>>> print(open('protein.txt').read())   # compact mmCIF, C-alpha atoms and all ligand atoms
# COMPACT_ATOMS: atom_id res chain seq x y z
CA MET P 368 17.55 -41.83 92.81
CA ASN P 369 14.66 -43.14 94.90
CA LYS P 370 15.71 -46.31 96.58
CA GLY P 371 14.93 -48.10 99.82
CA LYS P 372 14.03 -46.22 102.94
CA ILE P 373 14.94 -42.79 104.21
CA VAL P 374 17.42 -43.44 107.01
CA LEU P 375 18.77 -40.83 109.40
CA THR P 376 21.13 -41.00 112.30
CA GLY P 377 23.65 -38.83 114.03
CA ASP P 378 26.37 -38.39 116.60
CA ARG P 379 27.22 -35.62 119.00
CA PRO P 380 30.66 -34.24 118.17
CA THR P 381 32.29 -34.31 121.59
CA GLY P 382 35.35 -36.33 120.65
CA PRO P 383 36.51 -38.97 118.23
CA LEU P 384 34.32 -42.06 117.75
CA HIS P 385 35.06 -45.34 119.51
CA LEU P 386 34.42 -49.05 119.14
CA GLY P 387 31.10 -48.67 120.95
CA HIS P 388 29.97 -46.36 118.14
CA TYR P 389 31.16 -48.86 115.59
CA VAL P 390 29.23 -51.75 117.09
CA GLY P 391 26.27 -49.59 118.08
CA SER P 392 25.68 -47.81 114.81
CA LEU P 393 28.50 -47.33 112.30
CA GLU P 394 28.32 -50.98 111.25
CA ASN P 395 24.60 -50.69 110.59
CA ARG P 396 25.15 -47.54 108.57
CA LEU P 397 27.64 -49.27 106.31
CA LEU P 398 25.03 -51.88 105.44
CA LEU P 399 22.17 -49.41 105.17
CA GLN P 400 23.93 -47.04 102.80
CA GLU P 401 23.90 -49.72 100.10
CA ASN P 402 20.15 -49.86 99.58
CA ASN P 403 18.71 -46.76 101.20
CA GLN P 404 18.75 -42.99 101.15
CA GLN P 405 20.89 -42.45 104.19
CA TYR P 406 21.57 -39.22 106.07
CA VAL P 407 24.19 -39.01 108.79
CA MET P 408 24.22 -35.89 110.93
CA ILE P 409 26.99 -34.43 113.02
CA ALA P 410 24.85 -33.03 115.83
CA ASP P 411 26.88 -29.96 116.80
CA VAL P 412 23.83 -28.05 118.06
CA GLN P 413 22.98 -30.92 120.38
CA ALA P 414 26.61 -31.18 121.49
CA LEU P 415 26.52 -27.49 122.40
CA THR P 416 23.53 -27.98 124.71
CA ASP P 417 25.95 -29.16 127.37
CA ASN P 418 29.19 -27.87 125.82
CA PHE P 419 28.14 -24.32 125.00
CA ASN P 420 31.12 -23.03 126.97
CA ASN P 421 33.53 -25.21 125.02
CA PRO P 422 33.01 -24.34 121.34
CA THR P 423 36.55 -25.34 120.36
CA LYS P 424 35.98 -28.89 121.52
CA VAL P 425 32.77 -29.14 119.49
CA ARG P 426 34.33 -27.51 116.44
CA ASP P 427 37.37 -29.82 116.48
CA SER P 428 35.18 -32.85 117.08
CA VAL P 429 33.05 -32.13 114.02
CA PHE P 430 36.17 -32.71 111.96
CA GLU P 431 37.23 -35.77 114.00
CA VAL P 432 33.84 -37.40 113.61
CA ALA P 433 33.76 -36.65 109.88
CA CYS P 434 37.19 -38.30 109.51
CA ASP P 435 35.95 -41.31 111.49
CA TYR P 436 32.90 -41.66 109.24
CA LEU P 437 34.94 -41.54 106.07
CA ALA P 438 37.63 -43.83 107.49
CA VAL P 439 35.19 -46.62 108.38
CA GLY P 440 33.71 -46.44 104.91
CA ILE P 441 30.70 -44.19 105.09
CA ASP P 442 30.69 -43.14 101.48
CA PRO P 443 29.62 -39.58 100.63
CA ASN P 444 28.38 -40.85 97.28
CA LYS P 445 25.91 -43.09 99.08
CA THR P 446 25.31 -41.25 102.36
CA THR P 447 24.58 -37.57 102.86
CA ILE P 448 26.84 -36.44 105.69
CA PHE P 449 25.86 -33.05 107.11
CA ILE P 450 26.25 -30.66 110.04
CA GLN P 451 23.21 -29.94 112.20
CA SER P 452 23.89 -26.21 112.64
CA ALA P 453 23.95 -25.79 108.86
CA ILE P 454 20.28 -26.78 108.70
CA PRO P 455 18.16 -23.85 109.93
CA SER P 456 15.01 -25.89 109.17
CA ILE P 457 15.84 -28.09 112.16
CA ALA P 458 15.90 -25.08 114.49
CA GLU P 459 12.60 -23.79 113.10
CA LEU P 460 10.87 -27.15 113.43
CA THR P 461 12.14 -27.42 117.00
CA ILE P 462 10.38 -24.19 117.92
CA PHE P 463 7.09 -25.47 116.49
CA TYR P 464 7.39 -28.88 118.13
CA LEU P 465 8.10 -27.39 121.55
CA ASN P 466 4.43 -26.42 121.76
CA LEU P 467 3.43 -30.06 121.47
CA VAL P 468 5.55 -31.38 124.33
CA THR P 469 4.97 -30.86 128.03
CA VAL P 470 7.69 -30.24 130.57
CA ASN P 471 6.40 -33.27 132.47
CA ARG P 472 6.74 -35.50 129.43
CA LEU P 473 10.36 -34.40 128.99
CA LYS P 474 11.05 -35.08 132.67
CA ARG P 475 9.86 -38.65 132.13
CA ASN P 476 12.25 -39.34 129.22
CA PRO P 477 14.52 -41.94 130.86
CA THR P 478 17.61 -41.21 128.75
CA LEU P 479 17.34 -37.49 129.39
CA LYS P 480 16.69 -38.13 133.07
CA SER P 481 19.82 -40.22 133.55
CA GLU P 482 21.96 -37.79 131.55
CA ILE P 483 20.78 -34.89 133.68
CA GLN P 484 21.73 -36.85 136.77
CA GLN P 485 25.04 -38.05 135.37
CA LYS P 486 26.07 -34.54 134.36
CA GLY P 487 25.13 -33.19 137.78
CA PHE P 488 23.26 -30.13 136.54
CA ASN P 489 21.16 -29.83 139.71
CA ASP P 490 19.68 -26.31 139.71
CA ASN P 491 21.67 -25.25 136.66
CA LEU P 492 20.06 -27.42 134.02
CA PRO P 493 20.24 -25.46 130.74
CA ALA P 494 16.82 -25.17 129.09
CA GLY P 495 18.45 -26.07 125.79
CA PHE P 496 19.72 -29.35 127.17
CA PHE P 497 16.35 -30.13 128.73
CA VAL P 498 14.56 -29.80 125.40
CA TYR P 499 17.14 -31.51 123.18
CA PRO P 500 14.84 -34.53 122.64
CA VAL P 501 12.49 -32.13 120.85
CA SER P 502 15.31 -30.86 118.71
CA GLN P 503 16.19 -34.49 117.99
CA ALA P 504 12.62 -35.04 116.78
CA ALA P 505 13.26 -32.20 114.34
CA ASP P 506 16.55 -33.85 113.27
CA ILE P 507 14.66 -36.99 112.41
CA THR P 508 11.55 -35.53 110.83
CA PHE P 509 13.04 -32.79 108.67
CA VAL P 510 14.02 -35.37 106.05
CA LYS P 511 10.95 -37.51 106.85
CA ALA P 512 13.17 -40.34 108.02
CA GLU P 513 11.55 -43.76 108.23
CA LEU P 514 14.36 -45.63 109.92
CA VAL P 515 16.81 -44.55 112.62
CA PRO P 516 19.64 -46.97 113.42
CA VAL P 517 20.62 -46.23 117.01
CA GLY P 518 21.74 -47.84 120.23
CA GLN P 519 19.30 -48.98 122.89
CA ASP P 520 19.71 -45.77 124.90
CA GLN P 521 18.16 -43.74 122.08
CA LEU P 522 14.84 -45.62 122.03
CA PRO P 523 13.14 -43.07 124.33
CA MET P 524 14.09 -40.37 121.80
CA ILE P 525 12.42 -42.29 118.99
CA GLU P 526 9.33 -42.85 121.10
CA GLN P 527 9.13 -39.16 121.89
CA THR P 528 9.66 -38.27 118.23
CA ASN P 529 6.73 -40.45 117.23
CA GLU P 530 4.53 -38.82 119.86
CA ILE P 531 5.38 -35.45 118.36
CA VAL P 532 4.68 -36.73 114.85
CA ARG P 533 1.28 -38.07 115.89
CA SER P 534 0.36 -34.90 117.80
CA PHE P 535 1.41 -32.68 114.95
CA ASN P 536 -0.50 -34.63 112.32
CA ARG P 537 -3.59 -34.82 114.52
CA ILE P 538 -3.65 -31.22 115.70
CA TYR P 539 -2.96 -29.72 112.28
CA ASN P 540 -5.00 -32.32 110.46
CA THR P 541 -2.22 -33.35 108.11
CA GLN P 542 -0.01 -36.26 107.04
CA VAL P 543 3.09 -34.14 106.60
CA LEU P 544 5.20 -35.81 109.27
CA VAL P 545 6.22 -39.45 109.11
CA GLU P 546 6.56 -41.89 112.02
CA VAL P 547 9.92 -43.51 112.37
CA LYS P 548 11.22 -46.93 113.37
CA ALA P 549 14.36 -47.54 115.40
CA LEU P 550 16.81 -50.14 114.22
CA VAL P 551 18.76 -51.53 117.14
CA PRO P 552 22.04 -53.32 116.36
CA LYS P 553 22.36 -57.07 116.46
CA PHE P 554 24.88 -57.07 119.29
CA ALA P 555 24.15 -55.96 122.80
CA ARG P 556 26.13 -52.83 123.41
CA LEU P 557 29.84 -53.07 123.89
CA PRO P 558 30.96 -52.54 127.49
CA GLY P 559 33.74 -50.13 128.37
CA ILE P 560 37.21 -51.55 129.03
CA ASP P 561 36.43 -51.19 132.76
CA GLY P 562 33.47 -53.55 132.40
CA LYS P 563 30.89 -50.78 132.82
CA ALA P 564 27.83 -51.30 130.63
CA LYS P 565 28.50 -48.35 128.37
CA MET P 566 31.63 -47.36 126.50
CA SER P 567 31.90 -43.62 126.58
CA LYS P 568 34.51 -40.96 126.18
CA SER P 569 33.39 -39.17 129.32
CA LEU P 570 33.71 -42.34 131.39
CA GLY P 571 37.30 -42.73 130.14
CA ASN P 572 36.73 -46.38 129.22
CA ALA P 573 36.73 -46.19 125.43
CA ILE P 574 38.92 -47.59 122.66
CA PHE P 575 38.87 -44.99 119.90
CA LEU P 576 38.88 -45.86 116.21
CA SER P 577 41.89 -43.56 115.97
CA ASP P 578 43.88 -45.17 118.83
CA SER P 579 47.35 -46.39 117.84
CA ALA P 580 48.20 -50.10 118.01
CA ASP P 581 50.22 -49.48 121.20
CA ILE P 582 47.37 -47.71 122.92
CA VAL P 583 44.96 -50.48 121.95
CA ALA P 584 47.37 -53.04 123.43
CA LYS P 585 47.64 -51.01 126.65
CA LYS P 586 43.89 -50.61 126.94
CA VAL P 587 43.23 -54.29 126.36
CA LYS P 588 45.87 -55.13 128.96
CA SER P 589 43.97 -53.04 131.52
CA MET P 590 40.61 -54.61 130.65
CA TYR P 591 38.31 -55.83 133.36
CA THR P 592 38.08 -59.64 133.41
CA ASP P 593 37.18 -61.76 136.44
CA PRO P 594 38.68 -60.29 139.62
CA GLU P 595 38.62 -63.73 141.24
CA HIS P 596 40.60 -65.32 138.44
CA ILE P 597 43.97 -64.78 140.06
CA HIS P 598 46.07 -67.77 139.06
CA VAL P 599 46.02 -69.24 135.58
CA SER P 600 44.86 -72.53 137.07
CA ASP P 601 41.83 -70.91 138.78
CA PRO P 602 38.45 -71.42 137.14
CA GLY P 603 37.28 -68.13 135.63
CA LYS P 604 34.00 -66.41 134.94
CA VAL P 605 32.97 -65.68 131.36
CA GLU P 606 29.87 -63.70 132.22
CA GLY P 607 30.69 -60.06 132.83
CA ASN P 608 34.20 -60.68 131.52
CA THR P 609 34.92 -57.80 129.19
CA VAL P 610 37.51 -59.64 127.13
CA PHE P 611 34.97 -62.30 126.22
CA ALA P 612 32.33 -59.65 125.54
CA TYR P 613 34.70 -58.16 122.96
CA LEU P 614 35.70 -61.54 121.52
CA ASP P 615 32.00 -62.32 121.05
CA VAL P 616 31.72 -59.24 118.89
CA PHE P 617 35.03 -59.06 117.05
CA ASP P 618 36.41 -62.62 116.85
CA LYS P 619 35.21 -64.19 113.61
CA ASN P 620 36.05 -67.67 114.85
CA SER P 621 33.12 -68.18 117.19
CA GLU P 622 33.75 -71.93 117.58
CA GLU P 623 37.19 -71.23 118.95
CA VAL P 624 35.79 -68.57 121.24
CA GLU P 625 33.34 -71.12 122.64
CA MET P 626 36.24 -73.52 123.27
CA LEU P 627 38.22 -70.76 124.98
CA LYS P 628 35.23 -70.03 127.20
CA GLU P 629 35.01 -73.68 128.28
CA HIS P 630 38.74 -73.76 128.96
CA TYR P 631 38.57 -70.51 130.94
CA LYS P 632 35.68 -71.76 133.06
CA LYS P 633 37.54 -74.96 133.86
CA GLY P 634 40.75 -73.17 134.72
CA GLY P 635 44.15 -73.25 133.09
CA LEU P 636 43.65 -70.39 130.64
CA GLY P 637 45.28 -67.11 131.57
CA ASP P 638 43.96 -63.61 130.92
CA MET P 639 47.14 -62.63 129.10
CA VAL P 640 46.61 -65.23 126.38
CA LEU P 641 43.09 -63.98 125.77
CA LYS P 642 44.17 -60.37 125.86
CA LYS P 643 46.90 -60.99 123.32
CA ARG P 644 44.36 -62.63 121.04
CA LEU P 645 41.95 -59.71 121.44
CA THR P 646 44.68 -57.11 120.88
CA ASP P 647 45.64 -58.74 117.58
CA ILE P 648 42.03 -58.98 116.44
CA LEU P 649 41.28 -55.36 117.32
CA ASN P 650 44.45 -54.07 115.72
CA ASN P 651 43.79 -56.04 112.54
CA PHE P 652 40.34 -54.53 112.44
CA LEU P 653 41.49 -50.99 113.19
CA GLU P 654 44.62 -50.82 111.01
CA PRO P 655 42.91 -50.11 107.65
CA ILE P 656 40.65 -47.58 109.40
CA ARG P 657 43.72 -45.81 110.85
CA ILE P 658 45.40 -45.64 107.47
CA ARG P 659 42.36 -44.15 105.74
CA ARG P 660 41.79 -41.77 108.64
CA LYS P 661 45.32 -40.33 108.31
CA GLU P 662 44.64 -39.56 104.67
CA PHE P 663 41.50 -37.61 105.49
CA GLU P 664 43.13 -35.83 108.44
CA GLN P 665 45.80 -34.58 106.06
CA ASN P 666 43.21 -33.29 103.65
CA PRO P 667 40.85 -31.09 105.69
CA ASP P 668 39.65 -29.11 102.67
CA TYR P 669 38.33 -32.28 101.10
CA VAL P 670 36.57 -33.32 104.33
CA LEU P 671 34.98 -29.87 104.69
CA SER P 672 33.81 -29.89 101.08
CA ILE P 673 32.00 -33.18 101.73
CA LEU P 674 30.29 -31.64 104.77
CA LYS P 675 29.33 -28.51 102.85
CA GLU P 676 27.85 -30.41 99.96
CA GLY P 677 25.94 -32.77 102.26
CA SER P 678 24.60 -29.90 104.36
CA GLU P 679 23.37 -28.01 101.30
CA LYS P 680 21.55 -31.09 100.07
CA ALA P 681 19.98 -31.73 103.49
CA GLN P 682 18.89 -28.12 103.87
CA SER P 683 17.15 -28.12 100.50
CA ILE P 684 15.08 -31.09 101.67
CA GLY P 685 14.46 -29.39 105.02
CA GLU P 686 13.10 -26.33 103.25
CA LYS P 687 10.49 -28.46 101.52
CA THR P 688 9.38 -30.10 104.76
CA LEU P 689 9.28 -26.73 106.49
CA LYS P 690 7.04 -25.31 103.80
CA GLU P 691 4.56 -28.17 104.26
CA VAL P 692 4.74 -27.79 108.04
CA LYS P 693 4.05 -24.06 107.83
CA THR P 694 1.13 -24.64 105.52
CA ALA P 695 -0.34 -27.18 107.94
CA MET P 696 0.14 -24.68 110.79
CA LYS P 697 -1.45 -21.89 108.75
CA ILE P 698 1.61 -19.67 108.94
CA ASP P 699 2.24 -19.69 105.21
CA TYR P 700 1.32 -16.04 104.70
CA TYR P 701 2.53 -15.30 101.18
N1 LIG P 801 21.37 -38.16 120.72
C1 LIG P 801 22.22 -38.94 119.85
C2 LIG P 801 23.39 -39.47 120.70
O1 LIG P 801 23.64 -38.95 121.77
C3 LIG P 801 22.76 -38.16 118.69
C4 LIG P 801 21.69 -37.69 117.76
C5 LIG P 801 21.31 -36.38 117.55
C6 LIG P 801 20.85 -38.49 116.95
N2 LIG P 801 20.31 -36.33 116.64
C7 LIG P 801 20.00 -37.59 116.24
C8 LIG P 801 20.73 -39.86 116.73
C9 LIG P 801 19.02 -38.06 115.37
C10 LIG P 801 19.76 -40.31 115.85
C11 LIG P 801 18.91 -39.42 115.18
O2 LIG P 801 24.05 -40.37 120.29
>>> encode(input="protein.txt", output="structure tokens", more="lines below")
Ligand code: TRP
Amino acid sequence: MNKGKIVLTGDRPTGPLHLGHYVGSLENRLLLQENNQQYVMIADVQALTDNFNNPTKVRDSVFEVACDYLAVGIDPNKTTIFIQSAIPSIAELTIFYLNLVTVNRLKRNPTLKSEIQQKGFNDNLPAGFFVYPVSQAADITFVKAELVPVGQDQLPMIEQTNEIVRSFNRIYNTQVLVEVKALVPKFARLPGIDGKAKMSKSLGNAIFLSDSADIVAKKVKSMYTDPEHIHVSDPGKVEGNTVFAYLDVFDKNSEEVEMLKEHYKKGGLGDMVLKKRLTDILNNFLEPIRIRRKEFEQNPDYVLSILKEGSEKAQSIGEKTLKEVKTAMKIDYY
């Protein structure tokens, strides 16, 4: 079935997925799977670049992430879900692409740069981590993806991928590789519950899709609001107020949200009222996901069979691309 565009995206399996993932990409994937050929990759090889000494975490997270995908409604009949390490073509392409990228260019990749800093590698930066943007270019190009729905922070990866595509096609005088477009979600990214710009497991500020209703309530209760809004009667700030940032995304009744904002700014509206509203909205949203997730968790053989089937399909496409790449590079000996 040849429909729409070839879409590819992926997640590092380092833990279960959270609301930031939902807003940042899962929601887009649900729409895109309807009219496109969509591939979703569980990037275990990339996860290992900075978790090579923790294989159990990566292994367990592959299953967690797969359950999250299926629970939110990524449908294996519409989307090919696969595991990166099951696609040797990606590893082979990475080796070829590495020749086309300079160390200096990698050092200038802003996402990579900030991750290296954040993880505090200093003199112990693993070479594999340093070159993961090249491996990500292989992830994207092995199926000749045209569209990659990702969060803002991944734009430098897309840019670097397109540089590799252009270099490859120019140097080997071919059209084999295809440039790709990023699709950035309609909402700005969801802040963490502490008000930090990014929700992330490692920052400990995430609400997971698999969190129980009680945990969601607790996390919302601890959410960063306006530190100067001490008494209910005080006027409060809406900007930078995490509860409002979440209501903007998840509350369907945007007129009411606007009224609440006005009330809050004037004073007389307490944080607890808003937090109760947000808790209910989030739990209503998450409840059906939790129920479906339990079913998949209890049926690991089914989940693994989906991954196996998807990986076999992806690898067969990768083999075709690899053949064309090798021909272009004149290493197609027999
Ligand atoms: N780097 C992405 C992240 O950290 C995950 C990823 C790996 C990815 N390969 C990809 C995303 C290919 C899009 C396309 O979230």
>>> residues_around(input="protein.txt", residues="region 512-514 of chain P", least_positions_apart="5", cutoff="6 Å", atoms="all atoms listed in the file", output="MDAnalysis selection string")
chainID P and resid 373:375 507 547:549
>>> atom_distance(input="protein.txt", atom1="CA of His596 (chain P)", atom2="CA of Ile560 (chain P)")
17.0 Å
>>> residues_around(input="protein.txt", residues="Val610 (chain P)", least_positions_apart="2", cutoff="8 Å", atoms="only C-alpha atoms", output="list in words")
Val587, Met590, Tyr591, Thr592, Asn608, Ala612, Tyr613, Leu614, Leu641, Lys642 and Leu645 of chain P
>>> residues_near_ligand(input="protein.txt", ligand="ligand LIG 801 (chain P)", cutoff="6 Å", atoms="only C-alpha atoms and all ligand atoms", output="ChimeraX atom specification")
/P:375-379,410,503,506-507
>>> atom_distance(input="protein.txt", atom1="CA of Leu522 (chain P)", atom2="CA of Thr688 (chain P)")
23.9 Å
>>> atom_distance(input="protein.txt", atom1="CA of Pro602 (chain P)", atom2="CA of Leu386 (chain P)")
29.0 Å
>>> closest_atom_pairs(input="protein.txt", of="region 636-671 of chain P", to="region 425-448 of chain P", cutoff="7 Å", atoms="all atoms listed in the file", output="Markdown table")
| residue | atom | partner | partner_atom | distance |
| --- | --- | --- | --- | --- |
| P:Ile656 | CA | P:Ala438 | CA | 5.2 |
| P:Arg659 | CA | P:Ala438 | CA | 5.1 |
| P:Arg660 | CA | P:Ala438 | CA | 4.8 |
| P:Phe663 | CA | P:Cys434 | CA | 5.9 |
| P:Glu664 | CA | P:Cys434 | CA | 6.5 |
>>> residues_around(input="protein.txt", residues="region 628-630 of chain P", least_positions_apart="4", cutoff="8 Å", atoms="all atoms listed in the file", output="ChimeraX atom specification")
/P:605,611,624,634-636
>>> residues_near_point(input="protein.txt", point="(9.9, -37.7, 120.3)", cutoff="10 Å", atoms="all atoms listed in the file", output="JSON, numbers by chain")
{"P": [464, 468, 472, 473, 476, 499, 500, 501, 502, 503, 504, 505, 507, 508, 522, 523, 524, 525, 526, 527, 528, 529, 530, 531, 532, 533, 546, 547]}
>>> decode(input="protein.txt", residues="region 683-698 of chain P", atoms="N, CA, C and O atoms", output="short mmCIF file (atom, residue, chain, number, x, y, z; two decimals), in the first residue's frame")
data_model
loop_
_atom_site.label_atom_id
_atom_site.label_comp_id
_atom_site.auth_asym_id
_atom_site.auth_seq_id
_atom_site.Cartn_x
_atom_site.Cartn_y
_atom_site.Cartn_z
N SER P 683 14.04 -5.35 5.83
CA SER P 683 13.98 -5.70 4.41
C SER P 683 14.03 -4.42 3.56
O SER P 683 14.61 -4.42 2.47
N ILE P 684 13.48 -3.35 4.06
CA ILE P 684 13.58 -2.07 3.34
C ILE P 684 15.01 -1.53 3.43
O ILE P 684 15.57 -1.03 2.45
N GLY P 685 15.61 -1.67 4.61
CA GLY P 685 16.99 -1.22 4.81
C GLY P 685 17.95 -1.94 3.87
O GLY P 685 18.89 -1.32 3.35
N GLU P 686 17.71 -3.20 3.64
CA GLU P 686 18.60 -3.96 2.74
C GLU P 686 18.57 -3.39 1.33
O GLU P 686 19.60 -3.31 0.66
N LYS P 687 17.40 -2.96 0.91
CA LYS P 687 17.28 -2.36 -0.43
C LYS P 687 18.07 -1.05 -0.51
O LYS P 687 18.81 -0.82 -1.45
N THR P 688 17.88 -0.21 0.50
CA THR P 688 18.60 1.08 0.52
C THR P 688 20.10 0.83 0.54
O THR P 688 20.86 1.46 -0.19
N LEU P 689 20.51 -0.13 1.36
CA LEU P 689 21.93 -0.41 1.50
C LEU P 689 22.55 -0.86 0.17
O LEU P 689 23.67 -0.48 -0.18
N LYS P 690 21.80 -1.64 -0.56
CA LYS P 690 22.28 -2.11 -1.86
C LYS P 690 22.52 -0.92 -2.79
O LYS P 690 23.55 -0.83 -3.45
N GLU P 691 21.58 0.01 -2.80
CA GLU P 691 21.72 1.20 -3.66
C GLU P 691 22.90 2.05 -3.20
O GLU P 691 23.65 2.59 -4.02
N VAL P 692 23.04 2.17 -1.88
CA VAL P 692 24.14 2.96 -1.32
C VAL P 692 25.48 2.35 -1.71
O VAL P 692 26.41 3.03 -2.13
N LYS P 693 25.57 1.03 -1.60
CA LYS P 693 26.83 0.35 -1.92
C LYS P 693 27.14 0.47 -3.40
O LYS P 693 28.31 0.64 -3.78
N THR P 694 26.13 0.42 -4.22
CA THR P 694 26.35 0.60 -5.65
C THR P 694 26.90 2.00 -5.92
O THR P 694 27.89 2.16 -6.64
N ALA P 695 26.27 3.00 -5.30
CA ALA P 695 26.73 4.39 -5.49
C ALA P 695 28.17 4.55 -5.03
O ALA P 695 28.95 5.28 -5.63
N MET P 696 28.54 3.82 -3.96
CA MET P 696 29.90 3.94 -3.40
C MET P 696 30.89 3.00 -4.07
O MET P 696 32.05 2.93 -3.65
N LYS P 697 30.42 2.28 -5.07
CA LYS P 697 31.26 1.35 -5.82
C LYS P 697 31.83 0.22 -4.94
O LYS P 697 32.95 -0.24 -5.16
N ILE P 698 31.08 -0.20 -3.97
CA ILE P 698 31.52 -1.35 -3.18
C ILE P 698 30.54 -2.51 -3.34
O ILE P 698 30.34 -3.32 -2.44
#
